[in-house]
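**Student:** For reference, the file coords.txt (compact mmCIF, C-alpha atoms and all ligand atoms) is included below:
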```txt
# COMPACT_ATOMS: atom_id res chain seq x y z
CA MET A 14 73.08 27.61 -32.57
CA LYS A 15 75.54 27.33 -29.69
CA ASN A 16 73.96 26.85 -26.32
CA ILE A 17 75.31 29.55 -24.02
CA LYS A 18 74.71 29.14 -20.33
CA GLU A 19 76.13 32.40 -19.02
CA TYR A 20 75.24 35.68 -20.67
CA ILE A 21 73.45 38.93 -20.04
CA VAL A 22 71.44 41.05 -22.46
CA SER A 23 70.65 44.65 -21.58
CA PRO A 24 68.06 46.00 -21.91
CA GLU A 25 66.04 42.83 -22.34
CA LEU A 26 63.08 43.22 -24.63
CA LYS A 27 60.31 40.83 -23.58
CA GLU A 28 58.71 40.84 -27.01
CA TYR A 29 59.14 42.52 -30.37
CA PHE A 30 57.05 45.60 -31.21
CA LYS A 31 54.29 45.16 -33.79
CA PHE A 32 54.68 47.09 -37.03
CA VAL A 33 51.71 47.50 -39.33
CA PRO A 34 52.67 47.85 -42.11
CA LYS A 35 55.90 45.93 -41.63
CA LEU A 36 59.07 47.96 -41.10
CA ARG A 37 60.90 48.39 -44.39
CA ILE A 38 64.57 47.63 -43.90
CA ALA A 39 67.69 47.32 -46.04
CA VAL A 40 70.54 45.13 -44.81
CA LEU A 41 74.12 46.15 -45.64
CA ALA A 42 76.51 43.20 -45.38
CA SER A 43 80.00 42.37 -46.63
CA GLY A 44 80.43 38.78 -45.46
CA ASN A 45 78.86 35.48 -44.61
CA GLY A 46 75.47 36.91 -43.71
CA SER A 47 74.46 34.82 -40.71
CA ASN A 48 72.82 37.88 -39.15
CA PHE A 49 71.04 38.57 -42.43
CA GLN A 50 69.81 34.95 -42.58
CA ASN A 51 68.56 35.16 -39.02
CA LEU A 52 66.53 38.26 -39.90
CA VAL A 53 65.15 36.55 -42.99
CA ASN A 54 64.05 33.59 -40.87
CA LEU A 55 62.37 35.74 -38.24
CA SER A 56 60.59 37.71 -40.93
CA LYS A 57 59.43 34.60 -42.83
CA GLU A 58 58.23 32.99 -39.63
CA ASP A 59 56.25 36.19 -38.93
CA LYS A 60 58.02 36.64 -35.61
CA LEU A 61 59.53 40.04 -36.42
CA ASP A 62 57.45 42.58 -38.39
CA ILE A 63 60.08 43.54 -40.94
CA GLU A 64 60.18 43.50 -44.68
CA ILE A 65 63.72 43.00 -45.92
CA VAL A 66 63.38 45.05 -49.06
CA LYS A 67 67.04 44.81 -50.16
CA LEU A 68 70.29 43.20 -49.26
CA ILE A 69 73.15 45.46 -50.35
CA THR A 70 76.68 44.11 -50.43
CA ASN A 71 79.97 45.61 -51.58
CA ASN A 72 81.53 42.16 -52.01
CA PHE A 73 80.56 39.99 -54.96
CA LYS A 74 82.04 36.95 -53.18
CA ALA A 75 80.05 37.49 -49.97
CA GLY A 76 78.17 34.49 -48.60
CA CYS A 77 75.13 36.69 -47.94
CA ILE A 78 74.41 36.75 -51.71
CA GLU A 79 73.70 33.00 -51.83
CA LYS A 80 71.50 33.40 -48.78
CA ALA A 81 69.54 36.21 -50.45
CA ILE A 82 69.06 34.12 -53.60
CA SER A 83 67.87 31.05 -51.75
CA SER A 84 65.55 33.14 -49.57
CA ASN A 85 64.18 35.08 -52.53
CA ILE A 86 65.29 38.47 -51.21
CA SER A 87 66.17 41.16 -53.70
CA TYR A 88 69.87 42.03 -53.56
CA GLU A 89 72.34 44.42 -55.13
CA VAL A 90 76.11 44.14 -55.40
CA ILE A 91 77.61 47.61 -55.25
CA ASN A 92 81.33 47.07 -55.38
CA ASP A 93 83.32 50.08 -54.18
CA LYS A 94 86.13 49.10 -56.56
CA ASP A 95 83.86 49.84 -59.53
CA TYR A 96 83.53 53.50 -58.54
CA LYS A 97 85.89 56.43 -59.05
CA SER A 98 85.38 57.73 -55.55
CA ARG A 99 83.80 56.81 -52.26
CA GLU A 100 81.29 59.57 -52.94
CA ASN A 101 80.10 57.91 -56.15
CA PHE A 102 79.96 54.51 -54.45
CA GLU A 103 77.91 55.84 -51.56
CA GLU A 104 75.66 57.85 -53.87
CA GLU A 105 74.63 54.62 -55.56
CA ILE A 106 73.69 53.10 -52.20
CA ILE A 107 71.92 56.27 -51.03
CA ASN A 108 69.82 56.27 -54.21
CA LEU A 109 68.92 52.62 -53.80
CA ILE A 110 67.85 53.11 -50.20
CA THR A 111 65.87 56.23 -51.03
CA GLU A 112 64.13 54.74 -54.09
CA ASN A 113 63.05 51.76 -52.01
CA GLU A 114 61.58 53.90 -49.23
CA ILE A 115 63.64 52.19 -46.56
CA GLU A 116 62.80 53.16 -43.00
CA LEU A 117 65.79 51.56 -41.28
CA VAL A 118 69.25 50.67 -42.60
CA VAL A 119 70.83 47.72 -40.80
CA MET A 120 74.58 47.20 -41.01
CA ALA A 121 75.12 43.51 -40.32
CA GLY A 122 78.76 42.75 -40.98
CA TRP A 123 79.21 45.82 -43.21
CA MET A 124 82.95 46.40 -43.42
CA LYS A 125 83.07 49.81 -45.15
CA ILE A 126 83.34 53.02 -43.18
CA VAL A 127 80.62 55.40 -44.32
CA SER A 128 80.93 59.18 -44.70
CA GLU A 129 79.14 61.89 -42.79
CA LYS A 130 77.12 62.64 -45.92
CA PHE A 131 75.89 59.05 -46.02
CA ILE A 132 74.93 59.14 -42.35
CA ASP A 133 73.20 62.52 -42.74
CA SER A 134 71.11 61.08 -45.58
CA PHE A 135 69.44 58.71 -43.10
CA LYS A 136 69.81 60.54 -39.83
CA ASN A 137 69.11 58.29 -36.81
CA ARG A 138 67.94 55.59 -39.19
CA ILE A 139 71.15 53.51 -39.49
CA ILE A 140 72.14 50.90 -36.93
CA ASN A 141 75.24 48.71 -36.75
CA ILE A 142 76.13 45.49 -34.96
CA HIS A 143 79.65 45.18 -33.60
CA PRO A 144 81.27 42.15 -31.89
CA SER A 145 82.46 43.78 -28.68
CA ILE A 146 81.09 45.60 -25.68
CA LEU A 147 81.52 49.11 -26.99
CA PRO A 148 83.33 51.39 -26.38
CA SER A 149 85.92 48.59 -25.97
CA TYR A 150 87.52 47.10 -29.06
CA LYS A 151 86.27 49.37 -31.81
CA GLY A 152 87.24 48.67 -35.42
CA ALA A 153 88.20 45.46 -37.21
CA ASN A 154 89.23 42.24 -35.40
CA ALA A 155 87.33 43.10 -32.23
CA ILE A 156 87.00 39.49 -31.05
CA ASN A 157 90.67 38.70 -31.70
CA ASN A 158 91.69 41.84 -29.89
CA ALA A 159 89.57 41.01 -26.84
CA PHE A 160 91.05 37.50 -26.80
CA ILE A 161 94.67 38.65 -27.23
CA ASN A 162 94.14 41.24 -24.53
CA LYS A 163 92.90 38.49 -22.20
CA SER A 164 89.61 40.27 -21.56
CA LEU A 165 87.48 38.30 -19.12
CA ILE A 166 84.17 39.54 -20.47
CA THR A 167 83.24 40.45 -24.01
CA GLY A 168 80.13 40.40 -26.19
CA CYS A 169 78.37 42.45 -28.83
CA SER A 170 76.60 45.78 -29.23
CA VAL A 171 74.07 47.41 -31.52
CA HIS A 172 74.22 51.19 -31.84
CA PHE A 173 72.98 54.05 -34.00
CA VAL A 174 75.61 55.02 -36.56
CA VAL A 175 77.42 58.36 -36.26
CA PRO A 176 80.48 59.60 -38.15
CA GLU A 177 82.91 58.33 -35.51
CA VAL A 178 83.43 54.61 -36.15
CA ASP A 179 81.68 52.15 -33.78
CA SER A 180 80.33 54.99 -31.65
CA GLY A 181 76.83 56.44 -31.42
CA GLU A 182 74.05 55.79 -28.99
CA LEU A 183 73.85 52.19 -27.81
CA ILE A 184 70.57 50.35 -28.28
CA ILE A 185 71.36 46.97 -26.75
CA GLN A 186 74.39 44.99 -25.60
CA ALA A 187 75.09 41.38 -24.69
CA ALA A 188 77.98 40.17 -22.54
CA LEU A 189 79.49 36.78 -21.78
CA PRO A 190 82.54 35.46 -19.91
CA VAL A 191 85.62 34.56 -21.97
CA LYS A 192 86.88 31.08 -21.18
CA TYR A 193 90.54 30.61 -22.04
CA SER A 194 90.15 26.84 -21.87
CA GLU A 195 88.10 27.23 -25.06
CA THR A 196 89.29 28.27 -28.52
CA ILE A 197 88.70 31.65 -30.06
CA ASN A 198 86.43 30.00 -32.61
CA ILE A 199 84.13 28.85 -29.85
CA LEU A 200 84.07 32.41 -28.53
CA LYS A 201 83.24 33.70 -32.02
CA ASP A 202 80.36 31.22 -32.30
CA LYS A 203 79.01 32.25 -28.93
CA ILE A 204 79.17 35.94 -29.81
CA GLN A 205 77.41 35.24 -33.08
CA THR A 206 74.63 33.44 -31.18
CA LEU A 207 74.22 36.52 -28.99
CA GLU A 208 74.22 38.74 -32.08
CA HIS A 209 71.28 36.75 -33.40
CA ILE A 210 69.43 37.57 -30.18
CA ILE A 211 70.21 41.28 -29.95
CA LEU A 212 70.08 42.47 -33.57
CA PRO A 213 66.36 41.68 -34.04
CA GLN A 214 65.63 43.29 -30.68
CA ALA A 215 67.56 46.40 -31.66
CA ILE A 216 65.71 46.57 -34.98
CA SER A 217 62.44 46.37 -33.11
CA GLU A 218 63.51 49.11 -30.72
CA ALA A 219 64.89 51.40 -33.45
CA GLY A 220 61.81 50.78 -35.58
CA GLN A 221 59.59 51.79 -32.70
CA ILE A 222 61.55 55.03 -32.25
CA ILE A 223 61.39 55.80 -35.97
CA ARG A 224 57.67 55.04 -36.26
CA SER A 225 56.77 57.05 -33.14
CA LYS A 226 58.69 60.09 -34.47
CA LEU A 227 56.69 59.76 -37.66
CA MET A 228 53.48 59.76 -35.65
CA ASP A 229 54.62 62.94 -33.83
CA LYS A 230 54.49 64.80 -37.15
CA TYR A 231 50.72 64.33 -37.43
C1 LIG A 301 79.41 39.98 -37.12
O1 LIG A 301 80.08 39.34 -36.07
C2 LIG A 301 79.41 41.48 -36.90
O2 LIG A 301 79.34 41.85 -35.56
C3 LIG A 301 80.72 41.85 -37.50
O3 LIG A 301 80.83 41.07 -38.66
C4 LIG A 301 80.19 39.82 -38.41
C5 LIG A 301 79.29 39.49 -39.58
O4 LIG A 301 78.79 38.19 -39.47
N1 LIG A 301 80.78 43.25 -37.80
C6 LIG A 301 81.87 43.99 -37.63
O5 LIG A 301 82.92 43.54 -37.24
C7 LIG A 301 81.69 45.45 -37.99
N2 LIG A 301 82.73 46.24 -37.43
P1 LIG A 301 77.70 37.67 -40.48
O6 LIG A 301 78.15 38.09 -41.89
O7 LIG A 301 77.71 36.19 -40.32
O8 LIG A 301 76.39 38.30 -40.13
```
So, in terms of C-alpha cells, how does the structure I just supplied come out?
**Tutor:**
Amino acid sequence: MKNIKEYIVSPELKEYFKFVPKLRIAVLASGNGSNFQNLVNLSKEDKLDIEIVKLITNNFKAGCIEKAISSNISYEVINDKDYKSRENFEEEIINLITENEIELVVMAGWMKIVSEKFIDSFKNRIINIHPSILPSYKGANAINNAFINKSLITGCSVHFVVPEVDSGELIIQAALPVKYSETINILKDKIQTLEHIILPQAISEAGQIIRSKLMDKY
C-alpha cells in the first residue's frame, strides 16, 4: 500500500459499525479487483462485519475472479455479450442478488451502466466507488481526465447509485493533491490506496442506514 502523507477523508468514520448478523453483500466488479480483495481481507480478519456472499463479474478475464477463487468466495461470471439484451443480462444479475438475499450491492470497478429498472430493484441499496471527487470527472478515465486537465486536487468518492451515471447521494469522499513531478501511475496508486480506506467505511455507513430502516418497520 502506498504511503500517502497528504490526504483528507470526509466524513471520517472513527470505527466501523457492528452488524449482527453480518451484512450480506454482493460485489460487482469488472476488473482487477483490488477493492474486492481489500473487502475480503477486512471480512476475513473480522474487522468489517460483512459477508461477501457473491462476486459478480461481467468479464471472464477479470482479475477479480482469481482473487475470488483463492479467497474461497462464491463468484458468477455473467457476461453481457451472452445475452440478447441488456434487460436479459440485468435480469440474471437481479435474480442472483435476490435469491441470495443480498442487503447491499457494492459496485467496485463495475464498468457497465445499469438501467433504472435495475436500480429500482434495489432502491437505496446499491453503492458505487468512483476515482474522482464527484461531481468532477464523471464517467470512464476519471483519473486520466483529472491529470490531463491539470487538476490540483483529485481523489475518490462513494455514492448511492441513481439512474444518472456517477451521481446520487455522496457517502464519503477522499481528496489528495496532484503532484505533476510524479507520474500518473503513482497518482493512480495513491487513489487506489484511498479507495481501500473509504469503500469499507461507506459500506459500514450504508449498512447502518439499511439496517436501521429495517428496524423502523418493526
Ligand atoms: C477503481 O479505481 C474504481 O474507482 C474504478 O475502477 C477501479 C477498480 O479497481 N471504477 C470506475 O472507474 C467506475 N466508474 P479494482 O478492480 O482494483 O478494485
**Student:** Using all atoms listed in the file, which residue out of A:Ile106, A:Ala219, A:Ile17, A:Ile185 lies closest to A:Arg138?
**Tutor:**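 Comparing A:Ile106, A:Ala219, A:Ile17, A:Ile185 against A:Arg138, the winner is A:Ala219.
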**Student:** Just want the 8 Å neighbourhood of A:Gly220, counted on all atoms listed in the file, with same-chain residues fewer than 6 positions away dropped. Output as a PyMOL selection string.
**Tutor:** chain A and resi 36+116-117
**Student:** Suppose we keep C-alpha atoms; can you now write the selection as a PDB file, in the frame of the given file?
**Tutor:**
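Printed below is again_38.pdb as written:
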```
ATOM      1  CA  LEU A  36      59.070  47.960 -41.100  1.00  0.00           C
ATOM      2  CA  GLU A 116      62.800  53.160 -43.000  1.00  0.00           C
ATOM      3  CA  LEU A 117      65.790  51.560 -41.280  1.00  0.00           C
TER       4      LEU A 117
END
```
**Student:** As a PyMOL selection string, please: the residues near A:Ala42 (cut-off 6 Å, only C-alpha atoms, same-chain neighbours under 6 positions excluded).
**Tutor:** chain A and resi 70+121-123
**Student:** Restricting it to C-alpha atoms, dump the selection as a JSON list (two decimals), in the frame of the given file.
**Tutor:**
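Resulting contents of selection_9.json:
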```json
[["chain", "number", "residue", "atom", "x", "y", "z"],
["A", 70, "THR", "CA", 76.68, 44.11, -50.43],
["A", 121, "ALA", "CA", 75.12, 43.51, -40.32],
["A", 122, "GLY", "CA", 78.76, 42.75, -40.98],
["A", 123, "TRP", "CA", 79.21, 45.82, -43.21]]
```
**Student:** Enumerate residues in contact with ligand LIG 301 (chain A): an atom-to-atom distance of at most 10 Å, counting only C-alpha atoms and all ligand atoms. Format the result as a PyMOL selection string.
**Tutor:** chain A and resi 41-52+75-77+120-126+141-145+150-156+168-171+178-179+201-202+204-209+212
**Student:** Could you check how far atom CA of A:Glu218 sits from atom CA of A:Glu129, in Å to one decimal?
**Tutor:**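 Computing it gives 23.5 Å between the two atoms.
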**Student:** Rounded to one decimal place, report the atom CA of A:Val118-atom CA of A:Ile38 distance in Å.
**Tutor:**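 Computing it gives 5.7 Å between the two atoms.
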**Student:** Which of these residues is nearest to A:Ser164, using all atoms listed in the file: A:Ile184, A:Ile211, A:Ile132, A:Ile146?
**Tutor:**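 The shortest atom-to-atom distance to A:Ser164 comes from A:Ile146.
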**Student:** Grab the atom CA of A:Ser56 to atom CA of A:Asn72 distance for me, in Å with one decimal place.
**Tutor:** 24.1 Å
**Student:** Using only C-alpha atoms for the distances, tell me which of A:Ser180, A:Pro34, A:Ile86, A:Ile21 is nearest to A:Val53.
**Tutor:**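 Once distances to A:Val53 are computed over only C-alpha atoms, the minimum belongs to A:Ile86.
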